[in-house]
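Coordinates from target_9.tsv are shown below (TSV, C-alpha atoms and all ligand atoms).
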chain	number	residue	atom	x	y	z
A	1	MET	CA	100.67	92.69	66.05
A	2	LYS	CA	100.42	94.55	69.31
A	3	LYS	CA	103.66	96.22	70.36
A	4	ILE	CA	104.60	95.73	74.02
A	5	LYS	CA	107.54	97.45	75.68
A	6	ILE	CA	109.15	95.39	78.40
A	7	ALA	CA	111.89	96.65	80.70
A	8	VAL	CA	114.15	93.73	81.61
A	9	LEU	CA	115.95	94.07	84.94
A	10	PRO	CA	117.89	90.85	85.62
A	11	GLY	CA	119.52	92.13	88.83
A	12	ASP	CA	121.91	89.95	90.84
A	13	GLY	CA	122.89	86.33	91.42
A	14	ILE	CA	120.77	83.94	89.38
A	15	GLY	CA	118.68	86.90	88.13
A	16	PRO	CA	120.19	87.06	84.63
A	17	GLU	CA	119.82	83.30	84.03
A	18	ILE	CA	116.22	82.99	85.13
A	19	VAL	CA	115.08	86.20	83.46
A	20	ALA	CA	116.56	84.96	80.18
A	21	GLN	CA	114.24	81.93	80.40
A	22	ALA	CA	111.24	84.14	81.10
A	23	VAL	CA	112.10	86.20	78.03
A	24	LYS	CA	112.04	83.00	75.94
A	25	ALA	CA	108.58	82.23	77.33
A	26	VAL	CA	107.39	85.76	76.57
A	27	ASP	CA	108.74	85.47	73.02
A	28	ALA	CA	106.94	82.19	72.48
A	29	ALA	CA	103.66	83.52	73.91
A	30	ALA	CA	104.04	86.74	71.94
A	31	ALA	CA	104.48	84.89	68.66
A	32	ARG	CA	101.42	82.78	69.37
A	33	PHE	CA	99.11	85.50	70.63
A	34	GLY	CA	100.07	88.35	68.33
A	35	TYR	CA	102.44	90.57	70.25
A	36	GLU	CA	105.63	92.23	69.19
A	37	PRO	CA	107.76	92.55	72.33
A	38	GLN	CA	110.46	95.15	72.52
A	39	TYR	CA	112.94	94.61	75.37
A	40	THR	CA	115.11	97.22	77.03
A	41	HIS	CA	117.67	95.93	79.54
A	42	ALA	CA	118.67	97.94	82.60
A	43	VAL	CA	120.78	97.38	85.72
A	44	VAL	CA	119.53	97.24	89.31
A	45	GLY	CA	120.87	96.07	92.69
A	46	ALA	CA	124.51	95.10	93.29
A	47	ALA	CA	124.98	94.93	89.52
A	48	ALA	CA	124.01	98.60	89.34
A	49	ILE	CA	126.20	99.54	92.32
A	50	ASP	CA	129.14	97.93	90.52
A	51	ALA	CA	128.30	99.61	87.22
A	52	VAL	CA	127.35	103.13	88.30
A	53	GLY	CA	127.45	103.29	92.12
A	54	ASP	CA	123.67	103.49	92.54
A	55	PRO	CA	121.39	100.44	93.11
A	56	TYR	CA	118.48	102.04	91.20
A	57	PRO	CA	119.99	104.50	88.74
A	58	GLU	CA	117.92	107.23	87.13
A	59	ALA	CA	118.48	105.66	83.70
A	60	THR	CA	116.91	102.41	84.95
A	61	HIS	CA	113.96	104.30	86.37
A	62	LYS	CA	113.44	106.05	83.04
A	63	THR	CA	113.52	102.70	81.23
A	64	CYS	CA	110.87	101.34	83.64
A	65	MET	CA	108.66	104.41	83.32
A	66	GLU	CA	108.72	104.19	79.53
A	67	ALA	CA	107.86	100.49	79.52
A	68	ASP	CA	104.45	98.78	79.63
A	69	ALA	CA	105.76	96.26	82.17
A	70	VAL	CA	108.93	95.42	84.07
A	71	LEU	CA	110.30	91.90	84.24
A	72	PHE	CA	112.61	91.67	87.21
A	73	GLY	CA	114.92	88.90	88.48
A	74	ALA	CA	116.33	89.29	91.99
A	75	ILE	CA	118.41	91.57	94.15
A	76	GLY	CA	121.05	90.76	96.75
A	77	ASP	CA	124.72	90.00	97.01
A	78	PRO	CA	126.57	88.36	99.94
A	79	ARG	CA	129.34	90.98	99.64
A	80	PHE	CA	126.94	93.38	101.34
A	81	ASP	CA	125.08	91.11	103.75
A	82	ASN	CA	127.50	90.97	106.64
A	83	ASN	CA	128.78	94.45	106.21
A	84	PRO	CA	126.50	96.70	108.26
A	85	ASN	CA	128.63	99.67	107.29
A	86	ALA	CA	128.19	99.38	103.53
A	87	ARG	CA	127.23	102.85	102.38
A	88	VAL	CA	124.82	101.66	99.73
A	89	ARG	CA	123.04	98.33	99.77
A	90	PRO	CA	121.48	96.49	96.82
A	91	GLU	CA	118.14	96.24	98.67
A	92	GLN	CA	117.91	100.04	98.70
A	93	GLY	CA	117.56	99.74	94.93
A	94	LEU	CA	114.53	97.52	95.32
A	95	LEU	CA	112.90	99.85	97.82
A	96	ALA	CA	113.66	102.90	95.67
A	97	MET	CA	112.22	101.14	92.66
A	98	ARG	CA	109.00	100.26	94.51
A	99	LYS	CA	108.63	103.79	95.83
A	100	LYS	CA	109.45	105.62	92.60
A	101	LEU	CA	107.24	103.37	90.48
A	102	GLY	CA	104.43	103.74	93.05
A	103	LEU	CA	104.15	99.96	93.43
A	104	PHE	CA	101.94	99.98	96.50
A	105	ALA	CA	100.56	96.47	96.10
A	106	ASN	CA	102.44	93.22	95.96
A	107	LEU	CA	100.34	90.25	94.89
A	108	ARG	CA	101.67	86.86	95.85
A	109	PRO	CA	99.44	83.95	94.91
A	110	VAL	CA	100.09	80.75	96.83
A	111	THR	CA	99.09	77.66	94.91
A	112	THR	CA	100.15	74.05	95.05
A	113	PHE	CA	101.34	71.66	92.37
A	114	ALA	CA	99.83	68.22	92.91
A	115	THR	CA	103.01	66.35	92.00
A	116	LEU	CA	105.13	68.38	94.44
A	117	LEU	CA	102.98	68.10	97.56
A	118	HIS	CA	105.30	65.49	99.07
A	119	ARG	CA	108.00	68.19	99.23
A	120	SER	CA	105.96	70.39	101.51
A	121	PRO	CA	107.20	70.65	105.09
A	122	LEU	CA	103.52	70.15	105.98
A	123	ARG	CA	101.54	66.94	105.62
A	124	ALA	CA	100.22	66.66	102.10
A	125	ASP	CA	96.62	66.31	103.30
A	126	LEU	CA	96.88	69.67	105.08
A	127	VAL	CA	98.28	71.62	102.17
A	128	GLU	CA	96.52	69.92	99.26
A	129	GLY	CA	94.19	72.36	97.52
A	130	ALA	CA	95.51	75.42	99.36
A	131	ASP	CA	95.01	78.40	97.10
A	132	PHE	CA	95.20	81.92	98.40
A	133	LEU	CA	96.40	85.35	97.43
A	134	CYS	CA	98.50	87.56	99.70
A	135	VAL	CA	98.05	91.24	99.02
A	136	ARG	CA	100.99	92.96	100.70
A	137	GLU	CA	101.23	96.74	101.07
A	138	LEU	CA	104.60	97.65	99.59
A	139	THR	CA	105.45	101.33	99.91
A	140	GLY	CA	104.63	102.21	103.52
A	141	GLY	CA	105.08	101.10	107.08
A	142	LEU	CA	108.40	100.32	108.75
A	143	TYR	CA	110.23	100.04	105.45
A	144	PHE	CA	109.78	103.71	104.65
A	145	GLY	CA	108.74	105.49	107.85
A	146	ARG	CA	110.96	108.28	109.09
A	147	PRO	CA	112.74	108.93	111.37
A	148	GLN	CA	114.93	105.89	111.05
A	149	GLY	CA	118.45	105.60	112.36
A	150	ARG	CA	120.69	105.77	115.41
A	151	SER	CA	121.19	108.06	118.32
A	152	GLU	CA	124.35	110.14	118.25
A	153	ASP	CA	126.25	107.78	120.55
A	154	GLY	CA	125.16	104.82	118.41
A	155	THR	CA	123.62	102.82	121.26
A	156	THR	CA	119.97	103.34	120.31
A	157	ALA	CA	118.32	102.57	116.97
A	158	TYR	CA	114.81	103.32	115.75
A	159	ASP	CA	112.42	102.65	112.87
A	160	THR	CA	109.05	104.29	112.50
A	161	CYS	CA	105.85	102.67	111.30
A	162	VAL	CA	103.62	105.16	109.52
A	163	TYR	CA	100.39	104.60	107.59
A	164	THR	CA	97.84	107.11	106.37
A	165	ARG	CA	94.17	106.26	105.97
A	166	ALA	CA	94.53	106.84	102.21
A	167	GLU	CA	97.37	104.31	101.92
A	168	ILE	CA	95.40	101.74	103.89
A	169	GLU	CA	92.24	102.34	101.94
A	170	ARG	CA	93.77	101.82	98.49
A	171	ILE	CA	95.42	98.53	99.44
A	172	CYS	CA	92.38	97.23	101.32
A	173	ARG	CA	90.17	98.07	98.33
A	174	LEU	CA	92.35	95.85	96.18
A	175	GLY	CA	92.00	93.11	98.77
A	176	PHE	CA	88.20	93.41	98.71
A	177	GLU	CA	88.14	93.47	94.90
A	178	TYR	CA	90.26	90.34	94.54
A	179	ALA	CA	88.23	88.59	97.22
A	180	ALA	CA	85.02	89.46	95.38
A	181	LYS	CA	86.44	87.92	92.20
A	182	ARG	CA	87.69	84.81	94.01
A	183	ARG	CA	85.90	82.91	96.78
A	184	GLY	CA	84.59	85.98	98.59
A	185	LYS	CA	86.65	85.86	101.76
A	186	LEU	CA	89.06	88.54	102.95
A	187	THR	CA	91.35	88.18	105.97
A	188	VAL	CA	92.75	91.49	107.20
A	189	VAL	CA	95.93	90.76	109.13
A	190	ASP	CA	97.14	93.25	111.73
A	191	LYS	CA	98.35	93.66	115.30
A	192	ALA	CA	95.56	95.93	116.44
A	193	ASN	CA	95.91	94.76	120.04
A	194	VAL	CA	99.28	96.54	120.21
A	195	LEU	CA	99.94	98.91	117.31
A	196	ALA	CA	98.31	102.26	116.54
A	197	THR	CA	98.87	101.80	112.80
A	198	SER	CA	97.09	98.44	112.99
A	199	ARG	CA	94.12	100.03	114.73
A	200	LEU	CA	93.85	102.50	111.84
A	201	TRP	CA	94.04	99.55	109.42
A	202	ARG	CA	91.25	97.76	111.19
A	203	GLU	CA	89.06	100.85	111.42
A	204	THR	CA	89.61	101.63	107.73
A	205	ALA	CA	88.97	98.08	106.57
A	206	GLN	CA	85.84	97.89	108.73
A	207	SER	CA	84.44	101.03	107.15
A	208	LEU	CA	85.10	99.65	103.63
A	209	ALA	CA	83.54	96.28	104.31
A	210	ALA	CA	80.02	97.65	103.89
A	211	GLU	CA	80.81	98.52	100.27
A	212	TYR	CA	81.61	94.89	99.48
A	213	PRO	CA	78.59	92.93	100.71
A	214	SER	CA	79.60	89.83	98.74
A	215	VAL	CA	82.83	89.58	100.70
A	216	GLU	CA	83.02	88.00	104.12
A	217	THR	CA	85.64	89.97	106.08
A	218	GLU	CA	87.56	88.63	109.03
A	219	PHE	CA	90.27	90.24	111.16
A	220	MET	CA	93.21	88.26	112.43
A	221	PHE	CA	96.25	89.18	114.49
A	222	VAL	CA	99.48	88.51	112.67
A	223	ASP	CA	100.82	86.00	115.18
A	224	ASN	CA	97.63	84.01	114.89
A	225	ALA	CA	97.75	84.26	111.08
A	226	ALA	CA	101.32	82.91	111.09
A	227	MET	CA	100.05	79.89	112.99
A	228	LYS	CA	96.91	79.42	110.92
A	229	ILE	CA	98.85	79.45	107.63
A	230	ILE	CA	100.62	76.27	108.66
A	231	GLN	CA	97.76	74.68	110.58
A	232	GLN	CA	95.01	75.26	108.09
A	233	PRO	CA	96.26	76.84	104.87
A	234	ARG	CA	92.98	76.11	103.07
A	235	HIS	CA	91.28	78.53	105.46
A	236	PHE	CA	92.47	81.51	103.41
A	237	ASP	CA	91.24	83.08	100.19
A	238	VAL	CA	92.67	86.62	100.16
A	239	ILE	CA	94.93	88.06	102.86
A	240	VAL	CA	95.60	91.78	102.97
A	241	THR	CA	98.27	93.16	105.25
A	242	GLU	CA	100.90	95.81	105.82
A	243	ASN	CA	104.42	95.77	104.43
A	244	MET	CA	106.46	94.02	107.12
A	245	PHE	CA	103.80	91.49	108.12
A	246	GLY	CA	103.34	90.72	104.43
A	247	ASP	CA	107.06	90.20	103.93
A	248	ILE	CA	107.20	87.63	106.71
A	249	LEU	CA	103.91	85.85	106.00
A	250	THR	CA	104.63	85.48	102.27
A	251	ASP	CA	107.94	83.74	102.91
A	252	GLU	CA	106.12	81.39	105.25
A	253	ALA	CA	103.30	80.88	102.79
A	254	SER	CA	105.61	80.25	99.88
A	255	VAL	CA	107.33	77.24	101.44
A	256	ILE	CA	104.24	75.38	102.60
A	257	THR	CA	103.46	74.46	99.00
A	258	GLY	CA	106.74	72.59	98.75
A	259	SER	CA	107.72	74.74	95.87
A	260	LEU	CA	109.70	77.81	96.79
A	261	GLY	CA	111.30	78.51	93.45
A	262	LEU	CA	107.93	78.18	91.76
A	263	LEU	CA	105.99	81.12	93.08
A	264	PRO	CA	105.63	84.36	91.10
A	265	SER	CA	104.53	87.81	92.12
A	266	ALA	CA	103.20	91.01	90.64
A	267	SER	CA	103.64	94.49	92.04
A	268	ILE	CA	101.13	97.00	90.84
A	269	GLY	CA	100.38	100.61	91.58
A	270	THR	CA	100.38	104.02	90.03
A	271	GLY	CA	103.14	103.53	87.43
A	272	THR	CA	104.44	100.59	85.42
A	273	SER	CA	103.69	97.18	86.97
A	274	LEU	CA	106.52	94.86	87.86
A	275	PHE	CA	106.74	91.09	87.79
A	276	GLU	CA	109.27	89.05	89.72
A	277	PRO	CA	109.76	85.67	91.39
A	278	ILE	CA	109.24	85.52	95.15
A	279	HIS	CA	112.61	83.88	95.79
A	280	GLY	CA	115.88	85.74	96.14
A	281	SER	CA	119.13	85.98	94.19
A	282	TYR	CA	120.48	82.55	95.33
A	283	PRO	CA	124.13	83.62	94.90
A	284	GLN	CA	125.48	80.08	95.52
A	285	ALA	CA	123.92	78.97	92.24
A	286	ALA	CA	124.78	82.02	90.15
A	287	GLY	CA	126.35	81.18	86.80
A	288	LYS	CA	125.89	77.41	87.27
A	289	ASN	CA	122.83	77.00	85.07
A	290	ILE	CA	121.00	75.06	87.80
A	291	ALA	CA	118.50	77.59	89.20
A	292	ASN	CA	114.78	76.96	88.74
A	293	PRO	CA	113.38	79.46	86.22
A	294	VAL	CA	109.73	78.55	86.84
A	295	ALA	CA	108.84	81.34	89.30
A	296	THR	CA	110.14	83.92	86.86
A	297	ILE	CA	108.37	82.28	83.93
A	298	LEU	CA	105.12	82.27	85.96
A	299	SER	CA	105.77	85.95	86.70
A	300	ALA	CA	105.77	86.47	82.94
A	301	ALA	CA	102.37	84.73	82.89
A	302	MET	CA	101.16	87.21	85.51
A	303	MET	CA	102.53	89.99	83.31
A	304	PHE	CA	100.26	88.99	80.43
A	305	GLU	CA	97.32	88.68	82.81
A	306	TYR	CA	97.79	91.86	84.85
A	307	ALA	CA	99.63	94.25	82.52
A	308	PHE	CA	98.04	93.22	79.22
A	309	SER	CA	94.75	91.73	80.49
A	310	ASP	CA	95.46	88.65	78.38
A	311	MET	CA	94.28	85.63	80.35
A	312	GLU	CA	94.75	83.32	77.39
A	313	ALA	CA	98.47	84.06	76.95
A	314	GLY	CA	98.94	83.75	80.72
A	315	ALA	CA	97.14	80.41	80.76
A	316	ALA	CA	99.25	79.11	77.87
A	317	ILE	CA	102.43	79.83	79.83
A	318	ARG	CA	100.98	78.17	82.94
A	319	ARG	CA	100.01	75.05	81.00
A	320	ALA	CA	103.54	74.74	79.58
A	321	VAL	CA	104.96	75.06	83.10
A	322	ASP	CA	102.53	72.42	84.39
A	323	ALA	CA	103.64	70.11	81.59
A	324	SER	CA	107.30	70.48	82.53
A	325	ILE	CA	106.53	69.54	86.14
A	326	ARG	CA	104.15	66.73	85.26
A	327	GLU	CA	106.67	65.26	82.81
A	328	ASN	CA	109.52	65.63	85.30
A	329	PHE	CA	111.44	67.98	83.07
A	330	THR	CA	112.73	70.09	85.96
A	331	THR	CA	115.78	71.56	87.64
A	332	GLU	CA	117.42	69.69	90.51
A	333	ASP	CA	115.55	71.44	93.34
A	334	ILE	CA	112.32	69.70	92.40
A	335	ALA	CA	113.58	66.75	90.34
A	336	ALA	CA	111.83	63.48	91.13
A	337	GLU	CA	113.93	60.69	92.56
A	338	GLY	CA	115.87	58.80	89.90
A	339	VAL	CA	115.19	61.42	87.22
A	340	THR	CA	118.11	63.36	85.76
A	341	PRO	CA	117.76	67.04	86.61
A	342	ARG	CA	117.73	69.50	83.73
A	343	SER	CA	119.58	72.78	83.52
A	344	THR	CA	117.99	76.21	83.77
A	345	THR	CA	118.29	76.73	80.02
A	346	GLU	CA	116.93	73.26	79.19
A	347	VAL	CA	113.84	73.89	81.30
A	348	GLY	CA	113.44	77.34	79.72
A	349	ASP	CA	113.69	75.84	76.23
A	350	PHE	CA	111.23	73.07	77.05
A	351	ILE	CA	108.64	75.52	78.35
A	352	ALA	CA	109.09	77.93	75.42
A	353	GLN	CA	108.67	75.06	72.96
A	354	ARG	CA	105.50	73.88	74.68
A	355	ILE	CA	104.07	77.39	74.57
A	356	ALA	CA	104.88	77.61	70.87
A	357	ALA	CA	103.41	74.16	70.23
A	358	GLY	CA	100.10	75.20	71.77
A	359	GLU	CA	100.27	73.04	74.90
B	401	LIG	C1	110.89	90.68	99.41
B	401	LIG	C2	112.30	90.81	99.96
B	401	LIG	C3	112.59	92.29	100.15
B	401	LIG	C4	111.61	92.84	101.14
B	401	LIG	C5	114.04	92.60	100.57
B	401	LIG	C6	115.06	92.01	99.62
B	401	LIG	C7	114.28	94.08	100.75
B	401	LIG	O1	112.44	90.10	101.13
B	401	LIG	O2	110.63	91.18	98.29
B	401	LIG	O3	110.06	90.07	100.07
B	401	LIG	O4	111.84	92.75	102.35
B	401	LIG	O5	110.59	93.38	100.72
B	402	MG	MG	110.72	88.97	101.67

Could you render the structure as structure tokens?
Amino acid sequence: MKKIKIAVLPGDGIGPEIVAQAVKAVDAAAARFGYEPQYTHAVVGAAAIDAVGDPYPEATHKTCMEADAVLFGAIGDPRFDNNPNARVRPEQGLLAMRKKLGLFANLRPVTTFATLLHRSPLRADLVEGADFLCVRELTGGLYFGRPQGRSEDGTTAYDTCVYTRAEIERICRLGFEYAAKRRGKLTVVDKANVLATSRLWRETAQSLAAEYPSVETEFMFVDNAAMKIIQQPRHFDVIVTENMFGDILTDEASVITGSLGLLPSASIGTGTSLFEPIHGSYPQAAGKNIANPVATILSAAMMFEYAFSDMEAGAAIRRAVDASIRENFTTEDIAAEGVTPRSTTEVGDFIAQRIAAGE
């Protein structure tokens, strides 16, 4: 039995419900593949502001640092959204967590599920077979650049975009490495026709390209990339881009598959890796047992693959998820017409049982 320490950070909204289903999946995979998981729960986001007045408390950080992986739900609470004067915001917890754990890379795979293609806002023939990986820089750029704030009289506001060559190089290297392992195509997305930081990105990526001869590198402006993702999603294999562009493009990319609610992500870097669904805290559904747990369960699959290098356990979780979708055992957001939707916990139980049964 291999002991694995997992920090469980449910966060806000539907976070606790969906993370509980992912824990069931991890338990089932652990039993089957010889792991002994040890879970430590910790608060983050609005839940942490309510509990201790800090959206990423030191105690939570310590729990994450001592763990082998972090399983995270979602952050965000409408109580803060329309209150620009809130002193602390839940999202600050997420940013602090990324920065303090050194999570400089956010990996968001975009894949389609054959039976859900009709739900895509795009024509099924356009999106069918789309399969790409967005590598988003996560600890630099506009999100963290200083100065940031307001002029004394409050009528001017500013954010600063800062990137060092070292920051660009480490994220682009990851992009090249994943491209080399996949279909050998890397799209570097920037706005080098306008921004100085983008020109440094392009220059840095160009100088790295020679080290990865098996990878075909292309450069694309972000506005063009936004268009291409909906016009020709199969064009892409690996996209690497800076923090803010990545935030926007990954929301766009996640809906074209018709399955927002199904897409997982991994954030990796210098400390403990973190696994979370791409979607948010969906506060309207909190406590109703209706939210789709699949993205979080697939994040647990990524956890086995990335944190424990166990492709087999990851694949077992994915197969169980595929079975639930194929057999129409799903929550209401993706339920087929005429089929009774299942609750969050029912879907979680179904998937855990299939993992245990060796699906
Ligand atoms: C995401 C989210 C966050 C981000 C928010 C909640 C701060 O949109 O993870 O994509 O902008 O990074
Ligand atoms: Mg986002």

* **Distance criterion (all atoms listed in the file): nearest to A:Gln232 out of A:Arg183, A:Arg123, A:Lys62, A:Lys191** =>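 Going through A:Arg183, A:Arg123, A:Lys62, A:Lys191 one by one, the smallest distance to A:Gln232 is for A:Arg123.
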
Quick one: 3 Å padding each side, axis-aligned, all listed atoms of ligand LIG 401 (chain B) - centre and edge lengths in Å to one decimal, as lines of an AutoDock Vina configuration file?
center_x = 112.6
center_y = 92.1
center_z = 100.3
size_x = 11.0
size_y = 10.0
size_z = 10.1

* Excluding same-chain residues fewer than 5 positions from A:Leu274, what lies within 10 Å of it counting all atoms listed in the file, as a PyMOL selection string? -> chain A and resi 6-9+64+68-72+97-98+101+103+106+265-269+299-300+302-303+306-307

Sorted per-residue table, chain A near ligand LIG 401 (chain B), closest atoms and distance, 7 Å, only C-alpha atoms and all ligand atoms, as JSON lines:
{"residue": "A:Ile75", "atom": "CA", "partner": "B:LIG401", "partner_atom": "C6", "distance": 6.4}
{"residue": "A:Gly76", "atom": "CA", "partner": "B:LIG401", "partner_atom": "C6", "distance": 6.8}
{"residue": "A:Glu91", "atom": "CA", "partner": "B:LIG401", "partner_atom": "C7", "distance": 4.9}
{"residue": "A:Leu94", "atom": "CA", "partner": "B:LIG401", "partner_atom": "C7", "distance": 6.4}
{"residue": "A:Leu95", "atom": "CA", "partner": "B:LIG401", "partner_atom": "C7", "distance": 6.6}
{"residue": "A:Asp247", "atom": "CA", "partner": "B:LIG401", "partner_atom": "O3", "distance": 4.9}
{"residue": "A:Ile278", "atom": "CA", "partner": "B:LIG401", "partner_atom": "O2", "distance": 6.6}

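The shortest atom-to-atom distance to ligand MG 402 (chain B), with all atoms listed in the file taken into account, belongs to A:Gly246 out of A:Gly246, A:Gly271, A:Gly338, A:Gly141.
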
* Asked: atom CA of A:Arg173 and atom CA of A:Leu298, how far apart in Å?
  ->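 So the answer is 25.0 Å.
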
* With only C-alpha atoms as the atoms that count, which of A:Gly140, A:Pro16, A:Pro147, A:Pro213 lies nearest to A:Phe176? ->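 Closest to A:Phe176, using only C-alpha atoms: A:Pro213.
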
* Asked: Pick from A:Thr272, A:Thr217, A:Thr345, A:Ser254: nearest to A:Ala130, with only C-alpha atoms counted?
  -> A:Ser254

* **Computed interatomic separation between atom CA of A:Ile18 and atom CA of A:Pro293 (Å)** =>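 Distance reported for this atom pair: 4.7 Å.
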
* To do: Step by step, measure atom-to-atom distances between ligand MG 402 (chain B) and each residue using only C-alpha atoms and all ligand atoms, keep those at most 9 Å, then write them as a ChimeraX atom specification.
  => /A:244,246-251,278-280

Using only C-alpha atoms, which protein or nucleic acid residues come within 8 Å of A:Gly93? Drop anything in the same chain fewer than 3 positions from it, and give the result as an mmCIF file with C-alpha atoms, in the frame of the given file.
data_model
loop_
_atom_site.group_PDB
_atom_site.id
_atom_site.type_symbol
_atom_site.label_atom_id
_atom_site.label_comp_id
_atom_site.auth_asym_id
_atom_site.auth_seq_id
_atom_site.Cartn_x
_atom_site.Cartn_y
_atom_site.Cartn_z
ATOM 1 C CA VAL A 44 119.530 97.240 89.310
ATOM 2 C CA GLY A 45 120.870 96.070 92.690
ATOM 3 C CA ASP A 54 123.670 103.490 92.540
ATOM 4 C CA PRO A 55 121.390 100.440 93.110
ATOM 5 C CA TYR A 56 118.480 102.040 91.200
ATOM 6 C CA ARG A 89 123.040 98.330 99.770
ATOM 7 C CA PRO A 90 121.480 96.490 96.820
ATOM 8 C CA ALA A 96 113.660 102.900 95.670
ATOM 9 C CA MET A 97 112.220 101.140 92.660
#

* Which of these residues is nearest to A:Gln206, using all atoms listed in the file: A:Thr344, A:Thr187, A:Ser281, A:Thr63? ->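 Nearest to A:Gln206: A:Thr187.
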
Residue completion, stretch 230-244 of chain A, N, CA and C atoms, as a CSV table (one decimal), in the frame of the given file:
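Listing of part-v2.csv after writing:
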chain,number,residue,atom,x,y,z
A,230,ILE,N,100.1,77.6,108.7
A,230,ILE,CA,100.6,76.3,108.7
A,230,ILE,C,99.6,75.2,109.2
A,231,GLN,N,98.7,75.7,110.0
A,231,GLN,CA,97.8,74.7,110.6
A,231,GLN,C,96.6,74.4,109.6
A,232,GLN,N,96.2,75.4,108.9
A,232,GLN,CA,95.0,75.3,108.1
A,232,GLN,C,95.1,76.2,106.9
A,233,PRO,N,96.0,75.9,106.0
A,233,PRO,CA,96.3,76.8,104.9
A,233,PRO,C,95.0,77.0,104.0
A,234,ARG,N,94.2,76.0,103.9
A,234,ARG,CA,93.0,76.1,103.1
A,234,ARG,C,92.0,77.1,103.6
A,235,HIS,N,92.2,77.6,104.9
A,235,HIS,CA,91.3,78.5,105.5
A,235,HIS,C,91.2,79.8,104.7
A,236,PHE,N,92.3,80.2,104.0
A,236,PHE,CA,92.5,81.5,103.4
A,236,PHE,C,92.1,81.6,101.9
A,237,ASP,N,91.5,82.8,101.6
A,237,ASP,CA,91.2,83.1,100.2
A,237,ASP,C,92.1,84.3,99.8
A,238,VAL,N,91.8,85.5,100.4
A,238,VAL,CA,92.7,86.6,100.2
A,238,VAL,C,93.1,87.2,101.5
A,239,ILE,N,94.4,87.4,101.7
A,239,ILE,CA,94.9,88.1,102.9
A,239,ILE,C,95.4,89.4,102.5
A,240,VAL,N,95.0,90.5,103.2
A,240,VAL,CA,95.6,91.8,103.0
A,240,VAL,C,96.3,92.2,104.2
A,241,THR,N,97.5,92.8,104.1
A,241,THR,CA,98.3,93.2,105.2
A,241,THR,C,99.3,94.2,104.9
A,242,GLU,N,99.9,94.8,106.0
A,242,GLU,CA,100.9,95.8,105.8
A,242,GLU,C,102.3,95.2,105.4
A,243,ASN,N,103.2,96.1,105.1
A,243,ASN,CA,104.4,95.8,104.4
A,243,ASN,C,105.2,94.7,105.2
A,244,MET,N,105.6,94.9,106.4
A,244,MET,CA,106.5,94.0,107.1
A,244,MET,C,105.8,92.7,107.4
